[in-house]
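*Asks:* Before anything else, here's the structure in question.
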Amino acid sequence: CAMAGGATTRGLVVRSLLACSALLPTTASDPTVAMAVLSSDRRVAQLAGAISQTWARDASRVVIFVDSLRAAALWNGSSHADSGGHVVVAPCCPNNESLGDKLSTAQYKLEHTFAQVLTIVPQHDYYIFTDDDTYWDMRLLQTLLSSADPMVDPGVPTALFPGRGAGRLPSYTFCQTSGPFMIMNRALVGLLADRSVLDACRDQTVRCYAVYRSRSEPDMVSLPLGDCPWETRGWIDPYKGAMYNNDHLVNQCVAKHHQSGHANALCMPGYEFDLAWAIC
């Protein structure tokens with residue numbers, strides 16, 4: 001998925017971080033991070049074990065979200081489960097178990113996980129939301145977070161986007177990155193866990209699709225831009241059959257609350273293709 005985020009014009013853009021420091025061991029003062037992995041009933045048997053035996057070994061806590069309570073209980077009770085609770089499988093959407101059946105409906109799964117992850121693995125400094133087919137360099141991630149952490153106010157909802165600055169609106173500078181993941185501090189996850197906040201952000205995201213579409217097609221009358229970020233005008237349509245893409249929703253929400261001074265984002269060039277890789 002393609003993502004866009006931003007930092008204040010007077011804020012901080014992390015321009016370079018030393019990747020070699022990823023070789024150093026973490027310390028007690030390093031920020032804590034929890035991983036939330038979006039999977040499905042159909043894929044968990046194939047991928048949960050692989051995750052547990054590879055990059056999750058270097059993670060603090062990992063929650064793999066599937067569609068149903070039945071699939072979560074089956075995995076957690078199996079001989080493959082992590083007996084120490086380091087990696088757990090949880091139901092994403094007990095009342096919407098069909099969301100994982102298609103790419104279009106899977107876009108709606110992420111928003112169900114914000115409140116849940118704060119309950120299952122509370123009090124972490126950062127939360128990473130990622131796909132189940134992604135391999136992570138956890139040491140490099142810890143290096144990035146340790147380097148960026150002094151620049152992040154823990155009380156301000158903040159998104160971290162590994163990517164270059166892409167453009168500027170008044171008081172908002174966008175980042176560009178590619179990768180199946182989102183990095184947030186605890187305050188941002190808490191903001192997105194508020195249903196009324198997310199509902200308003202969803203309405204804006206859907207509305208902005210129509211605005212961007214009207215400005216890209218010559219046979220349509222251009223709608224006023226309003227509070228729709230100009231830099232994301234390439235988001236003309238979500239995935240076929242979906243109302244919105246989950247990364248578009250998060251980015252629109254960060255931009256919306258940044259305009260009122262209640263959210264922030266950092267661009268971190270140089271990490272776009274080093275932190276994580278889609279493997280299947």
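By order of appearance in the structure tokens: chains A, B, ..., then residues from 1 within every chain, and ligands from 1 in the order shown.
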Considering only C-alpha atoms, return as a PyMOL selection string whatever protein or nucleic-acid residues lie within 7 Å of region 89-104 of chain A, sequence-local ones (same chain, fewer than 6 positions apart) excluded.
*Replies:* chain A and resi 40+63-69+72+75-76+112-113+239-242
*Asks:* Can you pull out every residue within 7 Å of Ile128 (chain A), counting only C-alpha atoms, but drop anything in the same chain fewer than 2 positions away, and send it as a list in words?
*Replies:*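 The contact residues come out as Ala34, Met35, Ala36, Tyr126, Thr130, Phe181, Met182, Ile183 and Met184 of chain A.
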*Asks:* Give me the residues near Gln204 (chain A) as a PyMOL selection string, where near means some atom within 9 Å (using only C-alpha atoms) and where sequence neighbours in that chain fewer than 6 positions away do not count.
*Replies:* chain A and resi 227-228+249+252-253+256
*Asks:* Export, as a compact mmCIF listing (two decimals), in the first residue's frame, the selected residues with all heavy atoms.
*Replies:*
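What landed in out-v6.txt:
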```txt
# COMPACT_ATOMS: atom_id res chain seq x y z
N ASP A 227 -10.74 20.70 3.09
CA ASP A 227 -9.70 20.20 3.96
C ASP A 227 -9.06 18.91 3.43
O ASP A 227 -8.38 18.20 4.17
CB ASP A 227 -10.25 19.96 5.36
CG ASP A 227 -11.44 19.00 5.36
OD1 ASP A 227 -11.86 18.57 4.27
OD2 ASP A 227 -11.96 18.70 6.45
N CYS A 228 -9.27 18.61 2.15
CA CYS A 228 -8.66 17.43 1.55
C CYS A 228 -7.21 17.74 1.18
O CYS A 228 -6.96 18.68 0.41
CB CYS A 228 -9.42 17.00 0.30
SG CYS A 228 -11.13 16.50 0.60
N LEU A 249 -7.22 6.03 5.20
CA LEU A 249 -8.01 6.44 6.35
C LEU A 249 -7.11 6.98 7.46
O LEU A 249 -7.36 8.06 8.02
CB LEU A 249 -8.83 5.26 6.86
CG LEU A 249 -9.59 5.46 8.17
CD1 LEU A 249 -10.68 6.50 8.00
CD2 LEU A 249 -10.18 4.13 8.66
N GLN A 252 -5.42 10.38 6.36
CA GLN A 252 -6.39 11.47 6.39
C GLN A 252 -6.69 11.88 7.82
O GLN A 252 -6.83 13.07 8.13
CB GLN A 252 -7.69 11.06 5.68
CG GLN A 252 -7.57 10.91 4.18
CD GLN A 252 -7.66 12.25 3.45
OE1 GLN A 252 -7.75 13.30 4.07
NE2 GLN A 252 -7.64 12.20 2.13
N CYS A 253 -6.75 10.91 8.72
CA CYS A 253 -7.06 11.21 10.11
C CYS A 253 -5.92 12.00 10.76
O CYS A 253 -6.16 12.95 11.52
CB CYS A 253 -7.31 9.91 10.87
SG CYS A 253 -8.53 10.05 12.19
N LYS A 256 -6.08 15.51 9.33
CA LYS A 256 -7.24 16.22 9.87
C LYS A 256 -6.95 16.77 11.27
O LYS A 256 -7.23 17.95 11.56
CB LYS A 256 -8.45 15.28 9.91
CG LYS A 256 -9.70 15.82 10.60
CD LYS A 256 -10.77 14.75 10.63
CE LYS A 256 -11.99 15.20 11.40
NZ LYS A 256 -12.69 16.32 10.73
```
*Asks:* Could you pull out all residues of region 100-153 of chain A with a DSSP call of alpha helix (DSSP H) and give them as a PyMOL selection string?
*Replies:* chain A and resi 103-106+110-120+138-148
*Asks:* For the selection just defined, write its residues with C-alpha atoms to a file, as an mmCIF file, in the first residue's frame.
*Replies:*
```
data_model
loop_
_atom_site.group_PDB
_atom_site.id
_atom_site.type_symbol
_atom_site.label_atom_id
_atom_site.label_comp_id
_atom_site.auth_asym_id
_atom_site.auth_seq_id
_atom_site.Cartn_x
_atom_site.Cartn_y
_atom_site.Cartn_z
ATOM 1 C CA LEU A 103 -8.897 -7.637 -0.240
ATOM 2 C CA SER A 104 -11.663 -5.043 -0.453
ATOM 3 C CA THR A 105 -13.370 -5.962 2.825
ATOM 4 C CA ALA A 106 -10.018 -6.590 4.542
ATOM 5 C CA LEU A 110 -7.507 -2.421 10.799
ATOM 6 C CA GLU A 111 -9.924 -0.065 12.515
ATOM 7 C CA HIS A 112 -11.233 -2.936 14.651
ATOM 8 C CA THR A 113 -7.774 -3.546 16.115
ATOM 9 C CA PHE A 114 -6.875 -0.160 17.612
ATOM 10 C CA ALA A 115 -8.822 -0.496 20.859
ATOM 11 C CA GLN A 116 -8.104 -4.221 21.116
ATOM 12 C CA VAL A 117 -4.335 -3.940 20.876
ATOM 13 C CA LEU A 118 -4.301 -1.326 23.638
ATOM 14 C CA THR A 119 -6.164 -3.820 25.831
ATOM 15 C CA ILE A 120 -4.124 -6.909 24.954
ATOM 16 C CA MET A 138 13.342 -5.715 14.464
ATOM 17 C CA ARG A 139 16.783 -4.435 15.402
ATOM 18 C CA LEU A 140 16.690 -1.779 12.713
ATOM 19 C CA LEU A 141 13.160 -0.868 13.798
ATOM 20 C CA GLN A 142 14.382 -0.444 17.377
ATOM 21 C CA THR A 143 17.202 1.778 16.110
ATOM 22 C CA LEU A 144 14.760 3.954 14.194
ATOM 23 C CA LEU A 145 12.422 4.306 17.167
ATOM 24 C CA SER A 146 15.247 5.010 19.611
ATOM 25 C CA SER A 147 16.569 7.732 17.311
ATOM 26 C CA ALA A 148 13.174 9.294 16.705
#
```
*Asks:* Among region 35-278 of chain A, which ones does DSSP assign to strand (DSSP E) (computed from the backbone)? Answer as number ranges by chain.
*Replies:* A: 35-38, 61-66, 87-91, 126-131, 134-136, 158-161, 164-169, 172-178, 181-185, 264-267, 276-278
